[in-house]
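J.: So I've got this file, model-v6.txt, and it contains compact mmCIF, C-alpha atoms and all ligand atoms:
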# COMPACT_ATOMS: atom_id res chain seq x y z
CA MET A 29 -11.95 19.32 43.79
CA ALA A 30 -12.21 22.43 46.04
CA GLU A 31 -15.82 23.33 46.78
CA PHE A 32 -17.14 26.62 45.19
CA ASP A 33 -17.69 29.07 48.01
CA LYS A 34 -20.47 31.33 46.73
CA ASP A 35 -20.34 33.53 49.83
CA SER A 36 -16.65 34.39 49.61
CA LEU A 37 -15.81 38.05 49.05
CA ARG A 38 -13.87 37.29 45.84
CA ASN A 39 -16.68 35.30 44.26
CA THR A 40 -19.31 37.85 45.23
CA PHE A 41 -17.25 40.52 43.42
CA ILE A 42 -16.76 38.31 40.36
CA VAL A 43 -20.52 37.59 40.11
CA ALA A 44 -21.36 41.31 40.60
CA LEU A 45 -18.81 42.28 37.94
CA LEU A 46 -20.11 39.73 35.45
CA LEU A 47 -23.67 40.84 36.07
CA CYS A 48 -22.68 44.49 35.49
CA LEU A 49 -20.89 43.55 32.26
CA VAL A 50 -23.83 41.52 30.93
CA CYS A 51 -26.33 44.27 31.83
CA SER A 52 -24.24 47.04 30.24
CA VAL A 53 -23.85 44.99 27.04
CA ILE A 54 -27.64 44.43 26.93
CA VAL A 55 -28.47 48.10 27.66
CA SER A 56 -25.98 49.50 25.13
CA GLY A 57 -27.09 46.91 22.55
CA ILE A 58 -30.71 47.99 22.97
CA ALA A 59 -29.74 51.69 22.83
CA VAL A 60 -27.82 51.16 19.57
CA ALA A 61 -30.60 49.00 18.07
CA LEU A 62 -33.29 51.57 18.95
CA LYS A 63 -31.36 54.62 17.73
CA PRO A 64 -32.78 54.56 14.16
CA GLN A 65 -36.30 54.20 15.62
CA GLN A 66 -35.68 57.12 18.01
CA GLN A 67 -34.44 59.30 15.17
CA ALA A 68 -37.44 58.34 13.02
CA ASN A 69 -39.80 59.22 15.89
CA LYS A 70 -38.03 62.56 16.40
CA ALA A 71 -38.34 63.38 12.70
CA LEU A 72 -42.02 62.40 12.71
CA ASP A 73 -42.61 64.58 15.77
CA GLN A 74 -41.03 67.61 14.04
CA LYS A 75 -43.20 67.00 10.96
CA GLN A 76 -46.30 66.96 13.21
CA ASN A 77 -45.22 70.25 14.84
CA ILE A 78 -44.72 71.89 11.45
CA LEU A 79 -48.08 70.64 10.15
CA ARG A 80 -49.88 71.74 13.33
CA ALA A 81 -48.38 75.25 13.12
CA ALA A 82 -49.55 75.42 9.51
CA GLY A 83 -53.07 74.40 10.58
CA LEU A 84 -52.95 71.24 8.46
CA LEU A 85 -53.12 68.76 11.34
CA PRO A 86 -55.54 68.95 14.30
CA GLN A 87 -53.86 69.65 17.67
CA ASN A 88 -55.02 66.36 19.18
CA SER A 89 -54.78 63.93 16.27
CA ASN A 90 -52.13 62.35 14.07
CA VAL A 91 -54.30 62.31 10.97
CA SER A 92 -55.86 65.21 9.11
CA GLU A 93 -59.61 65.75 8.94
CA ASP A 94 -59.63 64.04 5.53
CA GLY A 95 -57.75 61.04 6.93
CA ARG A 96 -54.26 61.77 5.62
CA THR A 97 -51.21 60.73 7.65
CA VAL A 98 -48.37 62.97 8.82
CA ASN A 99 -46.00 61.62 6.16
CA GLU A 100 -48.59 62.09 3.40
CA LEU A 101 -49.25 65.69 4.47
CA PHE A 102 -45.58 66.52 4.94
CA ALA A 103 -44.72 65.14 1.49
CA GLU A 104 -46.37 68.29 0.08
CA PHE A 105 -43.71 70.42 1.76
CA SER A 106 -40.24 71.08 0.44
CA VAL A 107 -37.45 71.79 2.91
CA HIS A 108 -34.81 74.35 1.98
CA VAL A 109 -31.61 75.64 3.52
CA VAL A 110 -31.54 79.44 3.64
CA ASP A 111 -28.78 81.99 4.22
CA LEU A 112 -30.39 84.27 6.81
CA GLU A 113 -28.31 87.33 5.91
CA THR A 114 -29.01 87.34 2.18
CA GLY A 115 -32.28 85.41 2.21
CA GLU A 116 -30.99 83.17 -0.58
CA TYR A 117 -31.36 79.41 -0.87
CA LEU A 118 -28.19 77.39 -0.28
CA GLU A 119 -28.47 74.27 -2.40
CA GLU A 120 -25.07 72.89 -1.38
CA ILE A 121 -26.09 72.15 2.23
CA ASP A 122 -28.13 69.01 2.92
CA ALA A 123 -31.38 70.05 4.61
CA ASP A 124 -31.94 66.58 6.13
CA SER A 125 -28.78 66.62 8.20
CA PHE A 126 -28.52 70.35 8.97
CA ASP A 127 -29.33 71.40 12.55
CA PRO A 128 -29.78 75.19 12.96
CA ILE A 129 -29.79 75.01 16.77
CA ARG A 130 -26.47 73.20 16.81
CA ALA A 131 -25.10 75.68 14.26
CA ALA A 132 -26.03 78.57 16.58
CA LYS A 133 -23.62 77.18 19.20
CA ASP A 134 -20.70 77.06 16.76
CA PRO A 135 -18.91 80.43 16.44
CA ALA A 136 -17.87 79.50 12.89
CA MET A 137 -21.51 79.03 11.86
CA SER A 138 -23.20 81.83 13.78
CA ILE A 139 -22.98 85.49 14.75
CA ALA A 140 -23.00 87.03 18.22
CA LEU A 141 -25.97 89.31 18.81
CA SER A 142 -25.57 92.61 20.63
CA ALA A 143 -27.88 93.35 23.58
CA GLU A 144 -29.88 95.70 21.38
CA GLN A 145 -30.28 93.13 18.60
CA ASP A 146 -30.98 90.20 20.88
CA ILE A 147 -34.64 90.78 21.75
CA ALA A 148 -35.29 87.01 21.93
CA THR A 149 -32.28 86.40 24.25
CA LEU A 150 -30.49 83.97 21.96
CA ARG A 151 -26.92 85.31 22.37
CA ARG A 152 -25.94 83.81 19.00
CA ARG A 153 -27.84 83.39 15.75
CA GLU A 154 -27.00 80.73 13.17
CA ASN A 155 -25.97 82.01 9.73
CA VAL A 156 -28.04 79.39 7.97
CA SER A 157 -31.43 77.90 8.79
CA LEU A 158 -34.27 75.82 7.37
CA VAL A 159 -37.63 76.77 5.86
CA TYR A 160 -40.59 74.55 5.02
CA ILE A 161 -42.64 75.49 1.99
CA LYS A 162 -45.93 74.08 0.75
CA ARG A 163 -46.90 74.86 -2.83
CA GLU A 164 -50.23 74.21 -4.48
CA GLU A 165 -50.19 74.01 -8.28
CA GLY A 166 -46.76 75.67 -8.25
CA ARG A 167 -47.94 78.59 -6.10
CA LEU A 168 -46.79 79.27 -2.56
CA ALA A 169 -49.45 78.14 -0.06
CA LYS A 170 -47.64 78.10 3.32
CA LEU A 171 -44.27 79.05 4.73
CA VAL A 172 -43.17 77.57 8.05
CA ILE A 173 -40.06 78.83 9.88
CA PRO A 174 -38.40 77.57 13.08
CA VAL A 175 -38.52 80.11 15.93
CA ARG A 176 -37.11 80.19 19.43
CA GLY A 177 -36.57 82.62 22.27
CA TYR A 178 -36.36 82.96 26.03
CA GLY A 179 -39.49 82.97 28.18
CA LEU A 180 -39.18 83.02 31.96
CA TRP A 181 -37.49 79.69 32.75
CA GLY A 182 -35.84 78.80 29.49
CA THR A 183 -35.95 78.86 25.72
CA LEU A 184 -39.19 78.12 23.90
CA PHE A 185 -38.70 76.22 20.61
CA GLY A 186 -41.41 76.17 17.96
CA TYR A 187 -42.63 76.88 14.47
CA LEU A 188 -44.40 79.89 13.01
CA ALA A 189 -46.47 79.42 9.86
CA LEU A 190 -47.48 82.11 7.38
CA ASP A 191 -50.18 82.08 4.73
CA ALA A 192 -49.51 82.55 1.03
CA ASP A 193 -49.50 86.37 1.35
CA LEU A 194 -46.52 86.09 3.76
CA GLN A 195 -48.28 88.68 5.89
CA THR A 196 -51.00 86.70 7.65
CA ILE A 197 -50.03 84.31 10.44
CA SER A 198 -51.33 80.81 9.90
CA GLY A 199 -50.32 79.49 13.33
CA LEU A 200 -47.70 79.24 16.06
CA GLY A 201 -46.81 76.20 18.15
CA PHE A 202 -44.06 75.26 20.58
CA TYR A 203 -42.65 71.75 20.81
CA SER A 204 -40.34 72.40 23.76
CA HIS A 205 -40.33 74.88 26.63
CA ARG A 206 -39.86 75.08 30.39
CA GLU A 207 -42.65 77.53 31.30
CA THR A 208 -44.92 76.79 34.26
CA PRO A 209 -48.04 74.71 33.52
CA GLY A 210 -51.11 76.93 33.96
CA LEU A 211 -49.06 80.15 33.60
CA GLY A 212 -46.49 80.45 30.81
CA GLY A 213 -47.28 76.83 29.90
CA GLU A 214 -50.57 78.10 28.49
CA VAL A 215 -48.63 78.63 25.24
CA ASP A 216 -49.77 75.03 24.60
CA ASN A 217 -53.44 75.78 25.26
CA PRO A 218 -55.35 75.04 22.02
CA ARG A 219 -57.75 77.91 22.77
CA TRP A 220 -54.88 80.42 22.92
CA LYS A 221 -53.26 78.90 19.84
CA GLN A 222 -56.53 79.40 17.96
CA THR A 223 -56.19 83.15 18.45
CA TRP A 224 -53.08 83.28 16.19
CA PRO A 225 -54.42 82.44 12.72
CA GLY A 226 -55.29 85.64 10.85
CA VAL A 227 -53.02 87.94 12.89
CA GLN A 228 -51.08 90.33 10.64
CA LEU A 229 -47.32 90.18 10.84
CA PHE A 230 -45.70 93.22 9.17
CA ASP A 231 -46.69 96.83 9.77
CA LEU A 232 -48.03 98.02 6.43
CA GLU A 233 -46.19 101.32 6.61
CA SER A 234 -42.78 100.44 8.05
CA GLY A 235 -42.66 96.82 6.80
CA GLU A 236 -41.30 95.79 10.24
CA PRO A 237 -42.75 92.89 12.27
CA ALA A 238 -45.46 94.38 14.46
CA VAL A 239 -47.08 91.53 16.42
CA GLN A 240 -48.14 92.62 19.89
CA LEU A 241 -49.37 90.46 22.77
CA VAL A 242 -51.68 92.69 24.78
CA LYS A 243 -53.76 92.46 27.94
CA ARG A 244 -56.53 94.53 26.42
CA ARG A 245 -57.23 94.35 22.69
CA LEU A 246 -58.04 97.44 20.62
CA PRO A 247 -61.56 97.59 19.18
CA GLU A 248 -61.79 95.57 15.96
CA SER A 249 -62.51 98.75 14.04
CA ASN A 250 -58.98 99.99 14.88
CA PRO A 251 -56.49 98.75 12.22
CA GLY A 252 -53.91 98.21 15.00
CA SER A 253 -56.03 95.33 16.35
CA SER A 254 -55.02 93.12 13.41
CA TYR A 255 -51.49 92.83 14.90
CA GLU A 256 -52.75 91.91 18.36
CA VAL A 257 -52.92 88.60 20.20
CA ASP A 258 -54.19 88.08 23.76
CA ALA A 259 -51.45 88.07 26.41
CA LEU A 260 -51.24 85.00 28.66
CA SER A 261 -52.75 85.97 32.00
CA GLY A 262 -50.34 85.81 34.95
CA ALA A 263 -47.44 85.17 32.60
CA THR A 264 -46.07 88.54 31.58
CA PHE A 265 -42.53 87.21 31.05
CA THR A 266 -43.57 84.34 28.79
CA THR A 267 -45.90 86.68 26.90
CA ARG A 268 -43.10 89.17 26.29
CA GLY A 269 -40.80 86.31 25.26
CA VAL A 270 -43.31 85.03 22.68
CA GLN A 271 -43.85 88.51 21.23
CA ASN A 272 -40.10 89.09 21.02
CA LEU A 273 -39.28 85.76 19.42
CA VAL A 274 -41.96 86.16 16.73
CA ASN A 275 -40.75 89.65 15.90
CA PHE A 276 -37.07 88.64 16.02
CA TRP A 277 -37.39 85.66 13.65
CA THR A 278 -39.51 87.54 11.14
CA GLY A 279 -37.27 90.63 11.31
CA ASP A 280 -34.06 91.65 9.56
CA LEU A 281 -31.87 89.39 11.71
CA GLY A 282 -34.19 86.43 11.28
CA PHE A 283 -36.05 85.32 8.17
CA GLY A 284 -36.97 88.90 7.13
CA PRO A 285 -34.60 88.98 4.12
CA PHE A 286 -35.81 85.54 2.99
CA ILE A 287 -39.49 86.49 3.36
CA ALA A 288 -38.88 89.71 1.36
CA ARG A 289 -37.22 87.69 -1.43
CA LEU A 290 -39.99 85.11 -1.44
CA LYS A 291 -42.61 87.87 -1.58
CA ALA A 292 -40.84 89.42 -4.57
CA THR A 293 -40.58 86.11 -6.44
CA SER A 294 -44.13 84.97 -5.54
CA ALA A 295 -45.51 88.25 -6.85
CA THR A 296 -43.92 87.77 -10.30
C1 LIG A 301 -44.02 79.30 40.77
C2 LIG A 301 -44.12 80.42 39.79
C3 LIG A 301 -44.13 80.14 38.44
C4 LIG A 301 -44.21 81.15 37.50
N1 LIG A 301 -44.21 80.85 36.17
C5 LIG A 301 -44.29 81.85 35.27
C6 LIG A 301 -44.27 81.56 33.87
O1 LIG A 301 -44.21 80.42 33.42
N2 LIG A 301 -44.32 82.62 33.01
C7 LIG A 301 -44.37 83.92 33.44
O2 LIG A 301 -44.41 84.82 32.61
N3 LIG A 301 -44.39 84.19 34.75
C8 LIG A 301 -44.35 83.21 35.67
N4 LIG A 301 -44.33 83.48 36.99
C9 LIG A 301 -44.23 84.87 37.36
C10 LIG A 301 -45.50 85.49 37.88
O3 LIG A 301 -46.66 84.84 37.49
C11 LIG A 301 -45.46 86.95 37.53
O4 LIG A 301 -46.01 87.60 38.60
C12 LIG A 301 -46.21 87.28 36.28
O5 LIG A 301 -45.41 86.99 35.17
C13 LIG A 301 -46.67 88.72 36.24
O6 LIG A 301 -47.72 88.70 35.35
P1 LIG A 301 -48.95 89.70 35.50
O7 LIG A 301 -48.36 91.05 35.30
O8 LIG A 301 -49.87 89.26 34.39
O9 LIG A 301 -49.53 89.49 36.85
C14 LIG A 301 -44.26 82.49 37.93
C15 LIG A 301 -44.27 82.77 39.30
C16 LIG A 301 -44.19 81.76 40.22
C17 LIG A 301 -44.22 82.09 41.68
Could I get this structure in the form of structure tokens?

T.:
Amino acid sequence: MAEFDKDSLRNTFIVALLLCLVCSVIVSGIAVALKPQQQANKALDQKQNILRAAGLLPQNSNVSEDGRTVNELFAEFSVHVVDLETGEYLEEIDADSFDPIRAAKDPAMSIALSAEQDIATLRRRENVSLVYIKREEGRLAKLVIPVRGYGLWGTLFGYLALDADLQTISGLGFYSHRETPGLGGEVDNPRWKQTWPGVQLFDLESGEPAVQLVKRRLPESNPGSSYEVDALSGATFTTRGVQNLVNFWTGDLGFGPFIARLKATSAT
């Protein structure tokens, strides 16, 4: 029998090829097996972001102050699909599988925004999005909406939560952005985030979103101060981006029509 020459060029290639095949089968097998776990982790992460924006979960913990888990807390929310133009619920679309950000990239599921409309630099806005509602004894307690907009280096993605009056901000948090740590990245600073709860959203006279991020706040006695949040120092572009995205998504082209409808129905 001919002796196996392990150093021959042909055999070296065969061994390398087999090794590559075995490794790729193992890696793709693991990737497929872990996909459900990855998706579950992603869903859990989004729930945490929503709960944190709503002030129901501490920034640095996965359980509430009274020991409840993310899934327990999130079970009190209902998720709805909303037509952004009319502000009506769309029951026929499955909220669990609908992805507003993907929809915004599809011309059939989104509208192009003109330069004047596009204050958050989105280019396109999805026709349909998601809202997260917590009710207590049948009454609206919190509304959380997804928000996004351009900062300096890229798009910031987050959630804005409103209190039951749909006028007072309950919190704002970003789960993804590319701003510089220490500058625009201070959007993640818990101390800055703590300055959001209580800020008033809509101008009482015009009804338009009126949040302003300012370097110098008005005196508290001035009614205008209730719309103000501290700007991020050394991060004028990120600051402007945050102000624009909050006002865009709560305005007529964002969730404004839905919020107006919800206000009307909650008041009855
Ligand atoms: C490396 C580097 C990173 C920066 N990152 C940010 C940022 O994340 N957000 C931002 O608004 N500006 C960022 N800037 C821009 C400057 O900080 C810019 O001067 C600043 O936005 C002006 O703010 P000011 O008017 O408060 O000084 C960055 C600049 C440099 C050089």

J.: Please identify all polymer residues within 8 Å of region 129-136 of chain A, counting only C-alpha atoms, omitting same-chain residues fewer than 4 positions from it, and present them as an MDAnalysis selection string.

T.: chainID A and resid 140 152:156

J.: Could I get the residue neighbourhood of ligand LIG 301 (chain A) at 8 Å, counting only C-alpha atoms and all ligand atoms, as a list of chain:residue names?

T.: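 Those within range of ligand LIG 301 (chain A) are A:Gly179, A:Leu180, A:Trp181, A:Arg206, A:Glu207, A:Thr208, A:Pro209, A:Gly210, A:Leu211, A:Gly212, A:Gly213, A:Leu260, A:Ser261, A:Gly262, A:Ala263, A:Thr264, A:Phe265, A:Thr266, A:Thr267, A:Arg268.
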
J.: From the set A:Leu118, A:Ile78, A:Glu104, A:Ser204, which residue has the shortest atom-to-atom contact distance to Glu165 (chain A), counting all atoms listed in the file?

T.: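 Going through A:Leu118, A:Ile78, A:Glu104, A:Ser204 one by one, the smallest distance to Glu165 (chain A) is for A:Glu104.
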
J.: Let me have the centre and edge lengths in Å, one decimal, of the box along x, y and z around every listed atom of region 226-241 of chain A with 4 Å of margin on each side, as lines of an AutoDock Vina configuration file.

T.:
center_x = -48.3
center_y = 93.5
center_z = 14.6
size_x = 22.0
size_y = 23.7
size_z = 24.3

J.: Which residue, A:Asp122, A:Glu144, A:Glu113, A:Asp191, has the smallest gap to Pro225 (chain A) when you use all atoms listed in the file?

T.: A:Asp191

J.: Skipping near chain neighbours, those fewer than 3 positions away, what residues fall within 6 Å of Leu241 (chain A) using all atoms listed in the file, listed as a list in words?

T.: Glu256, Val257, Asp258 and Ala259 of chain A

J.: With C-alpha atoms kept, could you save the residues just selected as a CSV table (one decimal), in the coordinates of the input?

T.:
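Written out: part.csv:
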chain,number,residue,atom,x,y,z
A,256,GLU,CA,-52.8,91.9,18.4
A,257,VAL,CA,-52.9,88.6,20.2
A,258,ASP,CA,-54.2,88.1,23.8
A,259,ALA,CA,-51.4,88.1,26.4
